[in-house]
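**Q** Following this line is start.cif, made up of mmCIF, C-alpha atoms:
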data_work
loop_
_atom_site.group_PDB
_atom_site.id
_atom_site.type_symbol
_atom_site.label_atom_id
_atom_site.label_comp_id
_atom_site.auth_asym_id
_atom_site.auth_seq_id
_atom_site.Cartn_x
_atom_site.Cartn_y
_atom_site.Cartn_z
ATOM 1 C CA MET A 138 115.512 127.791 118.210
ATOM 2 C CA ILE A 139 117.339 127.820 121.533
ATOM 3 C CA LEU A 140 119.291 124.563 121.552
ATOM 4 C CA ALA A 141 119.433 124.391 125.340
ATOM 5 C CA MET A 142 115.665 123.885 125.257
ATOM 6 C CA LEU A 143 115.918 120.607 123.316
ATOM 7 C CA ARG A 144 115.786 117.535 125.565
ATOM 8 C CA CYS A 145 115.822 113.787 125.219
ATOM 9 C CA TRP A 146 112.300 112.341 125.000
ATOM 10 C CA ASP A 147 110.777 115.605 123.790
ATOM 11 C CA ILE A 148 108.127 115.208 121.126
ATOM 12 C CA ARG A 149 108.890 117.921 118.583
ATOM 13 C CA ARG A 150 107.663 118.961 115.200
ATOM 14 C CA ALA A 151 110.537 118.634 112.720
ATOM 15 C CA ASP A 152 111.067 118.741 108.965
ATOM 16 C CA VAL A 153 111.452 115.080 107.924
ATOM 17 C CA ASN A 154 110.723 112.859 104.913
ATOM 18 C CA TRP A 155 107.357 111.166 104.567
ATOM 19 C CA LEU A 156 107.337 107.517 105.581
ATOM 20 C CA ASP A 157 105.805 106.310 102.334
ATOM 21 C CA GLU A 158 107.314 108.929 99.966
ATOM 22 C CA PRO A 159 110.944 109.585 100.934
ATOM 23 C CA ASN A 160 111.432 112.322 98.310
ATOM 24 C CA HIS A 161 108.840 114.522 100.011
ATOM 25 C CA TRP A 162 109.112 116.114 103.423
ATOM 26 C CA LYS A 163 106.804 117.888 105.784
ATOM 27 C CA PRO A 164 106.773 119.035 109.381
ATOM 28 C CA ARG A 165 105.812 116.024 111.481
ATOM 29 C CA PRO A 166 106.175 114.842 115.070
ATOM 30 C CA VAL A 167 109.323 113.031 116.148
ATOM 31 C CA ILE A 168 110.742 111.859 119.469
ATOM 32 C CA LEU A 169 114.222 113.156 120.239
ATOM 33 C CA LEU A 170 116.439 110.312 121.468
ATOM 34 C CA ASP A 171 119.898 111.840 121.886
ATOM 35 C CA GLN A 172 122.036 114.646 120.546
ATOM 36 C CA THR A 173 124.548 113.804 117.812
ATOM 37 C CA ASP A 174 128.227 113.698 118.788
ATOM 38 C CA ASP A 175 128.972 116.933 116.924
ATOM 39 C CA GLY A 176 126.037 118.745 118.576
ATOM 40 C CA ASN A 177 124.585 119.795 115.203
ATOM 41 C CA GLY A 178 121.526 117.556 115.355
ATOM 42 C CA TRP A 179 119.510 114.899 117.127
ATOM 43 C CA TYR A 180 118.772 111.225 116.707
ATOM 44 C CA ALA A 181 115.010 110.763 116.577
ATOM 45 C CA VAL A 182 112.217 108.370 115.631
ATOM 46 C CA TYR A 183 109.025 109.009 113.682
ATOM 47 C CA VAL A 184 105.663 109.519 115.358
ATOM 48 C CA THR A 185 102.630 108.638 113.240
ATOM 49 C CA SER A 186 98.893 108.920 113.781
ATOM 50 C CA LYS A 187 98.273 106.192 111.183
ATOM 51 C CA VAL A 188 97.740 103.647 113.946
ATOM 52 C CA SER A 189 95.794 101.071 111.922
ATOM 53 C CA ARG A 190 98.452 101.055 109.182
ATOM 54 C CA TYR A 191 101.455 100.512 111.487
ATOM 55 C CA ALA A 192 100.135 98.917 114.724
ATOM 56 C CA HIS A 193 101.091 95.391 113.584
ATOM 57 C CA ARG A 194 104.795 96.264 113.427
ATOM 58 C CA SER A 195 107.010 94.900 116.195
ATOM 59 C CA ASP A 196 108.894 98.205 116.445
ATOM 60 C CA ALA A 197 105.718 100.269 117.001
ATOM 61 C CA VAL A 198 105.019 101.703 120.451
ATOM 62 C CA LYS A 199 101.461 102.826 121.180
ATOM 63 C CA LEU A 200 101.907 106.201 122.851
ATOM 64 C CA ASP A 201 99.978 107.678 125.754
ATOM 65 C CA TRP A 202 99.085 110.421 123.298
ATOM 66 C CA ARG A 203 96.798 112.585 125.447
ATOM 67 C CA ARG A 204 99.301 112.828 128.305
ATOM 68 C CA GLU A 205 102.155 113.449 125.893
ATOM 69 C CA GLY A 206 100.684 116.479 124.126
ATOM 70 C CA LEU A 207 99.511 114.847 120.896
ATOM 71 C CA ASP A 208 96.074 115.498 119.424
ATOM 72 C CA ARG A 209 95.219 111.961 118.265
ATOM 73 C CA PRO A 210 96.189 108.320 118.910
ATOM 74 C CA SER A 211 99.790 107.844 117.796
ATOM 75 C CA LEU A 212 102.630 105.362 117.509
ATOM 76 C CA ALA A 213 106.388 105.736 117.768
ATOM 77 C CA LEU A 214 108.079 103.824 114.941
ATOM 78 C CA CYS A 215 111.386 102.703 116.386
ATOM 79 C CA ASP A 216 112.973 100.765 113.514
ATOM 80 C CA GLU A 217 114.528 103.760 111.747
ATOM 81 C CA ILE A 218 116.660 106.250 113.622
ATOM 82 C CA LEU A 219 116.614 109.636 111.948
ATOM 83 C CA ILE A 220 119.319 112.282 112.160
ATOM 84 C CA ILE A 221 117.704 115.719 112.177
ATOM 85 C CA ASN A 222 119.658 118.965 111.966
ATOM 86 C CA ASN A 223 119.038 121.395 114.815
ATOM 87 C CA GLU A 224 117.606 124.017 112.437
ATOM 88 C CA ASP A 225 114.969 121.509 111.252
ATOM 89 C CA ILE A 226 113.594 120.957 114.771
ATOM 90 C CA HIS A 227 110.677 123.196 115.698
ATOM 91 C CA GLU A 228 108.058 123.562 118.410
ATOM 92 C CA ARG A 229 107.726 121.224 121.349
ATOM 93 C CA LEU A 230 104.496 119.227 121.391
ATOM 94 C CA GLY A 231 105.110 117.339 124.630
ATOM 95 C CA ILE A 232 107.335 114.807 126.334
ATOM 96 C CA LEU A 233 107.118 111.029 126.716
ATOM 97 C CA THR A 234 105.745 109.528 129.896
ATOM 98 C CA PRO A 235 108.164 107.304 131.871
ATOM 99 C CA ARG A 236 106.285 104.204 130.645
ATOM 100 C CA ASP A 237 106.712 105.218 127.027
ATOM 101 C CA VAL A 238 110.381 106.122 127.542
ATOM 102 C CA ASN A 239 110.956 102.522 128.678
ATOM 103 C CA MET A 240 108.944 101.102 125.768
ATOM 104 C CA VAL A 241 110.785 103.183 123.152
ATOM 105 C CA GLU A 242 114.186 102.378 124.706
ATOM 106 C CA ASP A 243 113.344 98.667 124.477
ATOM 107 C CA ARG A 244 112.379 98.883 120.791
ATOM 108 C CA VAL A 245 115.079 101.194 119.404
ATOM 109 C CA GLU A 246 118.020 99.298 117.945
ATOM 110 C CA TRP A 247 121.168 101.390 117.658
ATOM 111 C CA ASP A 248 123.540 100.255 114.922
ATOM 112 C CA GLU A 249 126.963 99.587 116.376
#
What is this structure when it is put down as structure tokens?
**A**
Amino acid sequence: MILAMLRCWDIRRADVNWLDEPNHWKPRPVILLDQTDDGNGWYAVYVTSKVSRYAHRSDAVKLDWRREGLDRPSLALCDEILIINNEDIHERLGILTPRDVNMVEDRVEWDE
């Protein structure tokens, strides 16, 4: 992985825990929000294709999935900010559209 290639608002496949089974992990799409202060990882949010299960949530952003490089309708789940180590971030799937950048920014709540 060439770290210089990682950018804010990239949609990447990364090794993260399952939403409904935290003791299991798998490669799944995430949106990179910002690099950690130490440069060893990224803050990110989950992307899920389980639209009917999560669409009711106030933190969910319906993504422009076709334009953003995803293969099915998807949501960004903005209530939990992940910290992902650089070595756990893999291939780039796409990048958020400007509309979705604004929507995700509005829904993400950074803990102070």
**Q** Could you list, as a count of residues only, every residue within 12 Å of Val188 (chain A), counting all atoms listed in the file and ignoring same-chain residues fewer than 2 positions away?
**A** 19
**Q** Evaluate the PyMOL selection byres ((chain A and resi 222-230) around 8) and record the selected residues as a PDB file with C-alpha atoms, in the coordinates of the input, following the chain and residue labels used in the document.
**A**
ATOM      1  CA  MET A 138     115.512 127.791 118.210  1.00  0.00           C
ATOM      2  CA  LEU A 140     119.291 124.563 121.552  1.00  0.00           C
ATOM      3  CA  ASP A 147     110.777 115.605 123.790  1.00  0.00           C
ATOM      4  CA  ILE A 148     108.127 115.208 121.126  1.00  0.00           C
ATOM      5  CA  ARG A 149     108.890 117.921 118.583  1.00  0.00           C
ATOM      6  CA  ARG A 150     107.663 118.961 115.200  1.00  0.00           C
ATOM      7  CA  ALA A 151     110.537 118.634 112.720  1.00  0.00           C
ATOM      8  CA  ASP A 152     111.067 118.741 108.965  1.00  0.00           C
ATOM      9  CA  PRO A 166     106.175 114.842 115.070  1.00  0.00           C
ATOM     10  CA  ASN A 177     124.585 119.795 115.203  1.00  0.00           C
ATOM     11  CA  GLY A 178     121.526 117.556 115.355  1.00  0.00           C
ATOM     12  CA  TRP A 179     119.510 114.899 117.127  1.00  0.00           C
ATOM     13  CA  GLU A 205     102.155 113.449 125.893  1.00  0.00           C
ATOM     14  CA  GLY A 206     100.684 116.479 124.126  1.00  0.00           C
ATOM     15  CA  LEU A 207      99.511 114.847 120.896  1.00  0.00           C
ATOM     16  CA  ILE A 220     119.319 112.282 112.160  1.00  0.00           C
ATOM     17  CA  ILE A 221     117.704 115.719 112.177  1.00  0.00           C
ATOM     18  CA  GLY A 231     105.110 117.339 124.630  1.00  0.00           C
ATOM     19  CA  ILE A 232     107.335 114.807 126.334  1.00  0.00           C
TER      20      ILE A 232
END
**Q** Kindly give the distance, in Å, that separates CA of Ile168 (chain A) and CA of Asp237 (chain A), rounded to a single decimal.
**A**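 Computed distance, CA of Ile168 (chain A) to CA of Asp237 (chain A), equals 10.8 Å.
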**Q** As a check of understanding, name the residues that the PyMOL selection byres ((chain A and resi 247) around 10) selects in the supplied structure, as an NGL selection string.
**A** :A and (215-218 or 242 or 244-246 or 248-249)
**Q** In terms of the shortest atom-to-atom distance over all atoms listed in the file, which of A:Leu233, A:Ala181, A:Cys145, A:Met240 is closest to Asp196 (chain A)?
**A**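 Going through A:Leu233, A:Ala181, A:Cys145, A:Met240 one by one, the smallest distance to Asp196 (chain A) is for A:Met240.
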**Q** Kindly give the distance, in Å, that separates CA of Arg236 (chain A) and CA of Leu169 (chain A), rounded to a single decimal.
**A**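 One can read the CA of Arg236 (chain A) to CA of Leu169 (chain A) distance as 15.9 Å.
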**Q** Using all atoms of region 201-210 of chain A that appear in the file, construct an axis-aligned enclosing box with 6 Å of padding on every side and provide its centre coordinates and edge lengths in Å, rounded to one decimal, as lines of an AutoDock Vina configuration file.
**A**
center_x = 98.7
center_y = 112.1
center_z = 123.3
size_x = 18.9
size_y = 20.8
size_z = 22.0
